[in-house]
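J.: Provided herewith: my_file23.txt, compact mmCIF, C-alpha atoms.
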# COMPACT_ATOMS: atom_id res chain seq x y z
CA MET Z 1 2.32 -4.87 2.78
CA ALA Z 2 3.53 -8.40 2.04
CA GLY Z 3 6.85 -9.52 3.47
CA PRO Z 4 9.43 -11.71 1.74
CA ARG Z 5 8.61 -15.34 0.92
CA ALA Z 6 10.74 -18.23 2.15
CA ALA Z 7 11.97 -18.73 -1.42
CA ASP Z 8 13.30 -15.16 -1.38
CA VAL Z 9 15.46 -15.67 1.71
CA MET Z 10 16.32 -19.37 2.02
CA GLY Z 11 19.53 -20.14 0.14
CA HIS Z 12 20.03 -16.39 -0.32
CA VAL Z 13 21.79 -13.51 1.38
CA THR Z 14 19.65 -10.53 2.40
CA LEU Z 15 21.85 -7.44 2.44
CA VAL Z 16 20.30 -4.72 4.61
CA THR Z 17 21.81 -1.27 4.05
CA GLY Z 18 21.07 2.31 4.99
CA PRO Z 19 21.07 4.59 8.03
CA GLU Z 20 17.49 4.12 9.25
CA GLU Z 21 17.66 1.50 12.00
CA PHE Z 22 13.88 1.17 12.28
CA PHE Z 23 13.50 0.01 8.67
CA ASN Z 24 16.59 -2.18 8.90
CA GLU Z 25 15.20 -3.92 11.97
CA ARG Z 26 11.85 -4.39 10.23
CA THR Z 27 13.60 -6.14 7.34
CA VAL Z 28 15.44 -8.46 9.72
CA ALA Z 29 12.15 -9.31 11.46
CA ALA Z 30 10.48 -9.98 8.10
CA VAL Z 31 13.22 -12.41 7.08
CA ARG Z 32 12.93 -14.24 10.39
CA ALA Z 33 9.15 -14.47 9.97
CA ALA Z 34 9.55 -15.91 6.46
CA VAL Z 35 11.96 -18.56 7.79
CA ARG Z 36 9.60 -19.50 10.63
CA ALA Z 37 6.71 -19.74 8.18
CA HIS Z 38 8.81 -22.15 6.14
CA ASP Z 39 9.88 -24.21 9.17
CA ALA Z 40 8.32 -23.63 12.57
CA GLU Z 41 11.30 -25.35 14.22
CA ALA Z 42 13.86 -23.10 12.53
CA GLU Z 43 16.43 -21.50 14.80
CA SER Z 44 17.93 -18.02 14.78
CA SER Z 45 21.43 -16.87 15.64
CA GLU Z 46 23.26 -13.55 15.61
CA ALA Z 47 26.81 -12.24 15.43
CA GLN Z 48 28.62 -8.93 15.12
CA GLY Z 49 30.55 -8.26 11.93
CA SER Z 50 33.66 -7.46 13.96
CA ASP Z 51 33.63 -11.01 15.36
CA LEU Z 52 32.86 -12.81 12.11
CA THR Z 53 35.31 -15.35 10.73
CA LEU Z 54 34.64 -18.22 8.37
CA ALA Z 55 34.77 -20.52 11.41
CA THR Z 56 32.18 -18.53 13.40
CA LEU Z 57 29.94 -18.25 10.35
CA GLY Z 58 30.14 -22.03 10.02
CA GLU Z 59 29.19 -22.45 13.68
CA LEU Z 60 26.25 -20.07 13.34
CA ALA Z 61 24.97 -21.86 10.25
CA ALA Z 62 25.54 -25.39 11.54
CA PRO Z 63 22.42 -27.53 12.03
CA SER Z 64 21.29 -28.16 15.58
CA LEU Z 65 19.69 -31.22 17.15
CA PHE Z 66 16.27 -29.73 16.46
CA SER Z 67 16.44 -28.22 12.98
CA THR Z 68 18.67 -27.89 9.94
CA THR Z 69 16.91 -24.65 8.93
CA ARG Z 70 18.46 -21.48 10.33
CA CYS Z 71 18.29 -17.72 10.08
CA VAL Z 72 21.69 -16.12 10.67
CA VAL Z 73 21.89 -12.36 11.26
CA VAL Z 74 25.22 -10.54 11.12
CA ARG Z 75 25.04 -6.94 12.34
CA GLY Z 76 27.64 -4.19 11.87
CA LEU Z 77 28.89 -5.55 8.56
CA GLU Z 78 30.93 -2.35 8.18
CA ASN Z 79 33.21 -3.70 10.95
CA LEU Z 80 34.01 -6.97 9.19
CA PRO Z 81 37.76 -7.78 9.55
CA ASP Z 82 39.71 -7.66 6.29
CA GLU Z 83 40.79 -11.26 6.70
CA SER Z 84 37.14 -12.40 6.77
CA VAL Z 85 36.05 -10.70 3.55
CA ALA Z 86 37.11 -13.44 1.15
CA GLY Z 87 35.43 -16.19 3.17
CA LEU Z 88 32.16 -14.28 3.40
CA LEU Z 89 32.16 -13.55 -0.33
CA ASP Z 90 32.81 -17.22 -1.08
CA TYR Z 91 29.84 -18.23 1.06
CA ALA Z 92 27.59 -15.51 -0.40
CA ALA Z 93 28.39 -16.73 -3.92
CA ALA Z 94 26.90 -20.15 -3.11
CA PRO Z 95 24.74 -19.99 0.04
CA ALA Z 96 23.45 -23.14 1.71
CA ASP Z 97 19.87 -23.96 0.72
CA ASP Z 98 18.59 -24.29 4.29
CA ILE Z 99 20.18 -21.06 5.58
CA ALA Z 100 18.82 -17.50 5.41
CA LEU Z 101 21.77 -15.17 5.94
CA VAL Z 102 21.08 -11.52 6.77
CA LEU Z 103 23.93 -9.00 6.62
CA VAL Z 104 23.17 -5.62 8.20
CA HIS Z 105 25.28 -2.60 7.24
CA GLY Z 106 24.59 0.56 9.23
CA GLY Z 107 25.33 3.10 6.48
CA GLY Z 108 28.29 5.32 5.75
CA GLN Z 109 31.37 4.69 3.65
CA LYS Z 110 33.05 2.19 5.95
CA GLY Z 111 32.88 -1.27 4.41
CA SER Z 112 31.60 0.03 1.06
CA GLY Z 113 34.10 -2.15 -0.80
CA VAL Z 114 32.53 -5.30 0.64
CA LEU Z 115 29.05 -3.98 -0.19
CA ASN Z 116 29.97 -3.40 -3.82
CA LYS Z 117 31.33 -6.94 -4.14
CA LEU Z 118 28.27 -8.46 -2.48
CA ARG Z 119 25.92 -6.54 -4.77
CA LYS Z 120 27.43 -8.25 -7.79
CA LEU Z 121 26.47 -11.73 -6.55
CA THR Z 122 23.23 -13.21 -7.88
CA ALA Z 123 22.28 -14.81 -4.55
CA VAL Z 124 22.40 -11.44 -2.74
CA ASN Z 125 19.19 -9.41 -2.41
CA GLU Z 126 19.68 -5.86 -1.15
CA VAL Z 127 17.07 -4.00 0.89
CA LYS Z 128 17.89 -0.31 1.31
CA SER Z 129 16.58 2.05 3.96
CA ALA Z 130 16.56 5.82 3.66
CA SER Z 131 16.06 8.55 6.24
CA ILE Z 132 12.69 10.31 6.24
CA LYS Z 133 12.68 14.09 5.98
CA GLY Z 134 10.19 16.94 6.34
CA ALA Z 135 6.97 16.41 4.43
CA GLU Z 136 7.69 12.66 4.11
CA PHE Z 137 6.64 11.99 7.72
CA PRO Z 138 2.86 12.27 7.12
CA ARG Z 139 3.28 9.95 4.11
CA PHE Z 140 5.08 7.49 6.39
CA VAL Z 141 2.15 7.63 8.83
CA SER Z 142 -0.30 6.95 5.97
CA SER Z 143 1.76 3.99 4.79
CA GLU Z 144 1.91 2.58 8.32
CA VAL Z 145 -1.87 2.84 8.66
CA ARG Z 146 -2.33 1.11 5.28
CA ARG Z 147 0.12 -1.57 6.42
CA HIS Z 148 -2.34 -2.41 9.19
CA GLY Z 149 -5.30 -2.47 6.81
CA SER Z 150 -6.82 0.96 7.36
CA THR Z 151 -6.72 4.53 6.01
CA ILE Z 152 -6.06 7.97 7.49
CA GLU Z 153 -6.99 11.45 6.30
CA GLU Z 154 -4.07 13.65 5.20
CA GLU Z 155 -4.82 16.27 7.84
CA ALA Z 156 -5.00 13.60 10.54
CA ALA Z 157 -1.63 12.16 9.47
CA ASP Z 158 -0.03 15.59 9.62
CA PHE Z 159 -1.58 16.28 13.03
CA LEU Z 160 -0.16 13.01 14.34
CA VAL Z 161 3.32 14.09 13.23
CA GLN Z 162 2.83 17.44 14.97
CA ALA Z 163 1.70 15.68 18.13
CA ILE Z 164 4.26 12.86 18.25
CA GLY Z 165 7.24 14.48 16.56
CA GLN Z 166 9.58 12.99 13.97
CA ASP Z 167 10.55 9.76 15.68
CA ILE Z 168 9.41 7.05 13.27
CA ARG Z 169 9.35 4.34 15.94
CA SER Z 170 6.87 6.39 17.98
CA LEU Z 171 4.85 7.28 14.88
CA ALA Z 172 4.63 3.63 13.83
CA ALA Z 173 3.47 2.64 17.33
CA ALA Z 174 0.87 5.43 17.37
CA ALA Z 175 -0.45 4.41 13.94
CA HIS Z 176 -0.75 0.80 15.10
CA GLN Z 177 -2.58 1.85 18.26
CA LEU Z 178 -5.07 4.01 16.36
CA VAL Z 179 -5.86 1.25 13.84
CA ASN Z 180 -6.43 -1.23 16.69
CA ASP Z 181 -8.68 1.18 18.55
CA PHE Z 182 -10.73 2.15 15.48
CA PRO Z 183 -10.88 -1.12 13.51
CA GLY Z 184 -12.24 -0.77 10.00
CA GLU Z 185 -12.67 3.01 10.33
CA THR Z 186 -10.94 5.82 8.48
CA LEU Z 187 -8.77 7.73 10.94
CA THR Z 188 -9.86 11.36 11.08
CA SER Z 189 -8.37 14.38 12.83
CA ASP Z 190 -10.98 14.09 15.58
CA LYS Z 191 -9.99 10.50 16.28
CA VAL Z 192 -6.28 11.37 16.36
CA LYS Z 193 -6.88 14.40 18.58
CA ARG Z 194 -8.88 12.26 20.99
CA TYR Z 195 -5.67 10.36 21.76
CA PHE Z 196 -2.88 12.78 21.01
CA GLY Z 197 -4.39 16.28 21.11
CA GLY Z 198 -2.79 17.00 24.46
CA ARG Z 199 0.77 16.60 23.16
CA ALA Z 200 2.92 19.70 23.46
CA GLU Z 201 3.69 20.07 19.75
CA ALA Z 202 0.01 19.84 18.79
CA LYS Z 203 -0.97 22.44 21.38
CA SER Z 204 1.71 24.79 20.06
CA PHE Z 205 0.40 24.63 16.49
CA ALA Z 206 -3.16 25.23 17.73
CA VAL Z 207 -2.01 28.49 19.36
CA ALA Z 208 -0.18 29.65 16.23
CA ASP Z 209 -2.93 28.71 13.76
CA ASN Z 210 -5.57 30.58 15.73
CA ALA Z 211 -3.33 33.64 15.98
CA PHE Z 212 -2.71 33.72 12.21
CA PHE Z 213 -6.46 33.42 11.66
CA GLY Z 214 -6.92 36.45 13.95
CA ARG Z 215 -8.83 34.50 16.60
CA ARG Z 216 -7.35 36.36 19.56
CA ALA Z 217 -9.56 34.96 22.33
CA LEU Z 218 -9.24 31.36 21.15
CA ALA Z 219 -5.47 31.69 20.64
CA LEU Z 220 -5.03 33.11 24.15
CA GLU Z 221 -7.20 30.36 25.60
CA GLU Z 222 -5.13 27.70 23.79
CA LEU Z 223 -1.98 29.42 25.01
CA ARG Z 224 -3.08 29.28 28.64
CA TRP Z 225 -4.01 25.59 28.29
CA ALA Z 226 -0.67 24.85 26.65
CA LEU Z 227 1.41 26.61 29.29
CA ASP Z 228 -0.64 25.17 32.17
CA GLY Z 229 -0.13 21.74 30.63
CA GLY Z 230 3.63 22.14 30.66
CA THR Z 231 4.27 22.95 26.99
CA PRO Z 232 7.75 24.51 26.72
CA PRO Z 233 7.49 28.13 25.52
CA VAL Z 234 10.17 27.49 22.87
CA LEU Z 235 7.85 24.99 21.15
CA ILE Z 236 5.22 27.69 20.84
CA THR Z 237 7.56 30.20 19.23
CA SER Z 238 8.76 27.39 16.95
CA ALA Z 239 5.18 26.76 15.85
CA PHE Z 240 4.74 30.49 15.11
CA ALA Z 241 7.97 30.46 13.09
CA SER Z 242 6.74 27.47 11.07
CA GLY Z 243 3.38 29.15 10.49
CA VAL Z 244 4.77 32.46 9.27
CA ARG Z 245 7.30 30.71 6.99
CA GLY Z 246 4.51 28.67 5.40
CA LEU Z 247 2.38 31.78 4.87
CA ALA Z 248 5.26 33.76 3.38
CA ARG Z 249 6.15 30.94 0.98
CA TYR Z 250 2.52 30.53 -0.02
CA VAL Z 251 2.00 34.23 -0.73
CA SER Z 252 5.20 34.45 -2.80
CA ALA Z 253 4.72 31.16 -4.69
CA PRO Z 254 4.00 31.28 -8.45
CA ARG Z 255 0.32 31.51 -9.33
CA GLY Z 256 -1.52 29.03 -11.50
CA ILE Z 257 0.56 25.95 -10.67
CA ARG Z 258 -0.96 22.59 -9.72
CA GLU Z 259 -1.81 21.89 -6.08
CA ALA Z 260 0.82 19.15 -5.76
CA ASP Z 261 3.50 21.45 -7.23
CA LEU Z 262 2.37 24.30 -4.99
CA ALA Z 263 2.59 22.09 -1.91
CA ARG Z 264 6.17 21.15 -2.84
CA GLU Z 265 7.02 24.80 -3.48
CA VAL Z 266 5.66 25.85 -0.09
CA GLY Z 267 7.01 22.78 1.71
CA VAL Z 268 3.76 21.59 3.28
CA PRO Z 269 1.43 18.59 2.77
CA PRO Z 270 -1.35 19.29 0.21
CA TRP Z 271 -4.14 19.51 2.80
CA LYS Z 272 -2.30 22.35 4.57
CA LEU Z 273 -2.77 24.54 1.49
CA ARG Z 274 -6.44 25.00 2.45
CA THR Z 275 -5.41 26.50 5.78
CA LEU Z 276 -2.76 28.74 4.20
CA ARG Z 277 -5.17 29.86 1.48
CA GLU Z 278 -7.72 30.96 4.06
CA GLN Z 279 -5.12 32.64 6.25
CA SER Z 280 -3.44 34.43 3.34
CA ARG Z 281 -6.62 36.31 2.43
CA THR Z 282 -6.08 38.57 5.42
CA TRP Z 283 -2.31 38.99 5.22
CA THR Z 284 -0.24 41.47 3.25
CA PRO Z 285 3.47 41.05 2.51
CA GLN Z 286 4.13 43.97 4.85
CA GLY Z 287 2.13 42.31 7.62
CA LEU Z 288 4.03 39.08 7.14
CA GLY Z 289 7.31 40.96 7.41
CA GLU Z 290 6.20 42.45 10.72
CA ALA Z 291 5.04 39.02 11.91
CA ILE Z 292 8.42 37.49 11.06
CA ARG Z 293 10.14 40.18 13.13
CA ALA Z 294 7.68 39.72 16.02
CA VAL Z 295 8.28 35.97 16.08
CA ALA Z 296 12.06 36.47 15.99
CA ARG Z 297 11.87 38.94 18.89
CA ALA Z 298 9.70 36.61 20.97
CA ASP Z 299 11.97 33.64 20.24
CA ALA Z 300 15.04 35.64 21.30
CA ASP Z 301 13.27 36.79 24.47
CA ILE Z 302 12.18 33.25 25.35
CA LYS Z 303 15.68 31.86 24.84
CA GLY Z 304 17.38 34.83 26.47
CA ALA Z 305 16.43 37.64 28.76
CA ALA Z 306 12.65 37.31 29.17
CA HIS Z 307 11.63 36.97 32.83
CA ASP Z 308 7.98 36.24 32.02
CA ALA Z 309 7.57 33.79 29.14
CA ALA Z 310 3.78 33.84 29.42
CA TYR Z 311 3.71 37.63 28.95
CA THR Z 312 6.07 37.37 25.96
CA LEU Z 313 3.86 34.76 24.29
CA GLU Z 314 0.63 36.67 25.02
CA ARG Z 315 2.19 39.74 23.42
CA LEU Z 316 3.19 37.62 20.41
CA VAL Z 317 -0.37 36.27 20.01
CA LEU Z 318 -1.89 39.77 20.19
CA THR Z 319 0.73 41.23 17.82
CA VAL Z 320 0.31 38.53 15.17
CA ALA Z 321 -3.48 38.52 15.36
CA GLY Z 322 -3.50 42.33 15.02
CA LEU Z 323 -1.31 42.45 11.90
CA ARG Z 324 -3.89 40.95 9.55
CA GLN Z 325 -5.46 43.15 6.88
CA GLN Z 326 -8.11 42.32 4.31
CA ARG Z 327 -6.56 41.49 0.91
CA SER Z 328 -7.59 39.63 -2.19
CA GLY Z 329 -6.93 35.86 -2.01
CA ARG Z 330 -5.00 33.64 -4.37
Mind converting the file's structure to structure tokens?
T.:
Amino acid sequence: MAGPRAADVMGHVTLVTGPEEFFNERTVAAVRAAVRAHDAEAESSEAQGSDLTLATLGELAAPSLFSTTRCVVVRGLENLPDESVAGLLDYAAAPADDIALVLVHGGGQKGSGVLNKLRKLTAVNEVKSASIKGAEFPRFVSSEVRRHGSTIEEEAADFLVQAIGQDIRSLAAAAHQLVNDFPGETLTSDKVKRYFGGRAEAKSFAVADNAFFGRRALALEELRWALDGGTPPVLITSAFASGVRGLARYVSAPRGIREADLAREVGVPPWKLRTLREQSRTWTPQGLGEAIRAVARADADIKGAAHDAAYTLERLVLTVAGLRQQRSGR
């Protein structure tokens, strides 16, 4: 993914808005890189919005002994003092040609009046960040892998999210590591599992998936490995809850709709539909109802009165695996 050019940031104001700090920081880094590419001797300076006055902005933007080209980053724009607003707007209306000014607003309503005025200025370029939710995390992983010049299978991207969790900084770092370790290769589930298969979340989903497929022995074996490896019992009941919700939504979803629409209806990535389709062939609505109750009981026991979490989870595996009945598939 190409970053901004020097012509996009020099003599302009880059307005960075939104709640996702990771993306905001990436934009700031991209502007700095564009300035350095334009002038290797360019200098960088930073200030907090709460400390910004026209005088301090002038000091930050002033040429040094080494370079007239500068990148100035102002963070926490939402905290800009009222008396500094007019001066900043005057500068933003006619920025200096050899300055790249970056204004970072952390989201929320505070300072929205200044944002609206800045957006009306032709020299201001806004870059917005948005929080990632639910099924968007595997897509984020795929985009990160593409950013580094490689590709990843959908199932592998989803497994990485299960293994790492929903921290985008950690996911971005993991994607970068995988691309570096498998240069020029498509990232498959096997490759991802080689590095991250031991993570607690991934182990939990392996237990649940095998139980819903009716693979008692394998599910119990995965359960023992997970618990011996320190996986918190609550993560395992959470994985069962996610699995039974997905199955219930799949079974009750309208028939005959496109795969992409079905995935949205069920709330899973498209590749996961294959797993749900296979599992659903041996589940009745009544069985799913019993499974939902069994998962709820086990979760309550784990979080409450259960003295033996391992016994509670073994009972859950055996109960869920035993509730399957042959039925016609979708």
J.: Which of these, Z:Gly58, Z:Val127, Z:Phe182, Z:Asp98, has the shortest distance to Pro4 of chain Z once you count all atoms listed in the file?
T.: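 Between Z:Gly58, Z:Val127, Z:Phe182, Z:Asp98, the residue approaching Pro4 of chain Z most closely is Z:Val127.
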J.: Rounded to one decimal place, report the atom CA of Leu318 of chain Z-atom CA of Val268 of chain Z distance in Å.
T.: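 Going from atom CA of Leu318 of chain Z over to atom CA of Val268 of chain Z covers 25.5 Å.
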J.: Work out how far atom CA of Arg224 of chain Z is from atom CA of Gln325 of chain Z, in Å to one decimal.
T.: 25.9 Å
J.: Please list as JSON, numbers by chain every residue within 12 Å of Glu25 of chain Z, counting only C-alpha atoms and excluding residues in the same chain fewer than 6 positions away.
T.: {"Z": [16, 17, 18, 19, 31, 32, 73, 75, 102, 103, 104, 105, 106, 127, 128, 129, 169]}
J.: Between Z:Asp190, Z:Asp158, Z:Glu259, Z:Glu20, which residue has the minimum interatomic distance to Phe205 of chain Z, considering only C-alpha atoms?
T.: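 The answer is Z:Asp158, which sits nearest to Phe205 of chain Z.
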J.: In file coordinates, which residues lie within 8 Å of (-1.9, 28.7, 19.7) using all atoms listed in the file, given as a ChimeraX atom specification?
T.: /Z:203-211,218-220,222-223,236,317
J.: Would you mind putting N, CA, C and O atoms back on segment 277-296 of chain Z and writing the result as an mmCIF file, keeping the file's coordinate frame?
T.:
data_model
loop_
_atom_site.group_PDB
_atom_site.id
_atom_site.type_symbol
_atom_site.label_atom_id
_atom_site.label_comp_id
_atom_site.auth_asym_id
_atom_site.auth_seq_id
_atom_site.Cartn_x
_atom_site.Cartn_y
_atom_site.Cartn_z
ATOM 1 N N ARG Z 277 -4.369 29.046 2.398
ATOM 2 C CA ARG Z 277 -5.170 29.860 1.480
ATOM 3 C C ARG Z 277 -6.128 30.759 2.249
ATOM 4 O O ARG Z 277 -6.273 31.946 1.948
ATOM 5 N N GLU Z 278 -6.777 30.170 3.258
ATOM 6 C CA GLU Z 278 -7.720 30.960 4.060
ATOM 7 C C GLU Z 278 -6.988 32.033 4.859
ATOM 8 O O GLU Z 278 -7.443 33.189 4.935
ATOM 9 N N GLN Z 279 -5.863 31.664 5.459
ATOM 10 C CA GLN Z 279 -5.120 32.640 6.250
ATOM 11 C C GLN Z 279 -4.568 33.762 5.381
ATOM 12 O O GLN Z 279 -4.565 34.932 5.778
ATOM 13 N N SER Z 280 -4.117 33.430 4.184
ATOM 14 C CA SER Z 280 -3.440 34.430 3.340
ATOM 15 C C SER Z 280 -4.374 35.534 2.873
ATOM 16 O O SER Z 280 -3.909 36.611 2.491
ATOM 17 N N ARG Z 281 -5.669 35.286 2.898
ATOM 18 C CA ARG Z 281 -6.620 36.310 2.430
ATOM 19 C C ARG Z 281 -6.615 37.542 3.315
ATOM 20 O O ARG Z 281 -7.096 38.597 2.909
ATOM 21 N N THR Z 282 -6.090 37.409 4.516
ATOM 22 C CA THR Z 282 -6.080 38.570 5.420
ATOM 23 C C THR Z 282 -4.657 38.954 5.824
ATOM 24 O O THR Z 282 -4.451 39.538 6.890
ATOM 25 N N TRP Z 283 -3.692 38.617 4.942
ATOM 26 C CA TRP Z 283 -2.310 38.990 5.220
ATOM 27 C C TRP Z 283 -1.680 39.667 4.017
ATOM 28 O O TRP Z 283 -1.814 39.203 2.887
ATOM 29 N N THR Z 284 -1.012 40.786 4.283
ATOM 30 C CA THR Z 284 -0.240 41.470 3.250
ATOM 31 C C THR Z 284 1.227 41.096 3.403
ATOM 32 O O THR Z 284 1.653 40.653 4.474
ATOM 33 N N PRO Z 285 2.041 41.283 2.367
ATOM 34 C CA PRO Z 285 3.470 41.050 2.510
ATOM 35 C C PRO Z 285 4.087 41.874 3.630
ATOM 36 O O PRO Z 285 4.968 41.394 4.352
ATOM 37 N N GLN Z 286 3.603 43.122 3.784
ATOM 38 C CA GLN Z 286 4.130 43.970 4.850
ATOM 39 C C GLN Z 286 3.781 43.396 6.224
ATOM 40 O O GLN Z 286 4.602 43.384 7.153
ATOM 41 N N GLY Z 287 2.549 42.910 6.353
ATOM 42 C CA GLY Z 287 2.130 42.310 7.620
ATOM 43 C C GLY Z 287 2.941 41.067 7.945
ATOM 44 O O GLY Z 287 3.315 40.846 9.101
ATOM 45 N N LEU Z 288 3.221 40.275 6.921
ATOM 46 C CA LEU Z 288 4.030 39.080 7.140
ATOM 47 C C LEU Z 288 5.449 39.438 7.582
ATOM 48 O O LEU Z 288 6.030 38.767 8.432
ATOM 49 N N GLY Z 289 5.989 40.498 6.996
ATOM 50 C CA GLY Z 289 7.310 40.960 7.410
ATOM 51 C C GLY Z 289 7.333 41.350 8.872
ATOM 52 O O GLY Z 289 8.268 41.005 9.605
ATOM 53 N N GLU Z 290 6.299 42.076 9.304
ATOM 54 C CA GLU Z 290 6.200 42.450 10.720
ATOM 55 C C GLU Z 290 6.039 41.223 11.603
ATOM 56 O O GLU Z 290 6.610 41.143 12.696
ATOM 57 N N ALA Z 291 5.252 40.240 11.126
ATOM 58 C CA ALA Z 291 5.040 39.020 11.910
ATOM 59 C C ALA Z 291 6.344 38.241 12.068
ATOM 60 O O ALA Z 291 6.636 37.716 13.143
ATOM 61 N N ILE Z 292 7.132 38.184 10.994
ATOM 62 C CA ILE Z 292 8.420 37.490 11.060
ATOM 63 C C ILE Z 292 9.313 38.140 12.118
ATOM 64 O O ILE Z 292 9.953 37.455 12.924
ATOM 65 N N ARG Z 293 9.326 39.470 12.133
ATOM 66 C CA ARG Z 293 10.140 40.180 13.130
ATOM 67 C C ARG Z 293 9.611 39.952 14.537
ATOM 68 O O ARG Z 293 10.390 39.789 15.491
ATOM 69 N N ALA Z 294 8.279 39.938 14.692
ATOM 70 C CA ALA Z 294 7.680 39.720 16.020
ATOM 71 C C ALA Z 294 8.014 38.328 16.545
ATOM 72 O O ALA Z 294 8.326 38.155 17.730
ATOM 73 N N VAL Z 295 7.956 37.349 15.665
ATOM 74 C CA VAL Z 295 8.280 35.970 16.080
ATOM 75 C C VAL Z 295 9.754 35.881 16.471
ATOM 76 O O VAL Z 295 10.107 35.251 17.470
ATOM 77 N N ALA Z 296 10.621 36.507 15.686
ATOM 78 C CA ALA Z 296 12.060 36.470 15.990
ATOM 79 C C ALA Z 296 12.342 37.131 17.341
ATOM 80 O O ALA Z 296 13.156 36.627 18.125
#
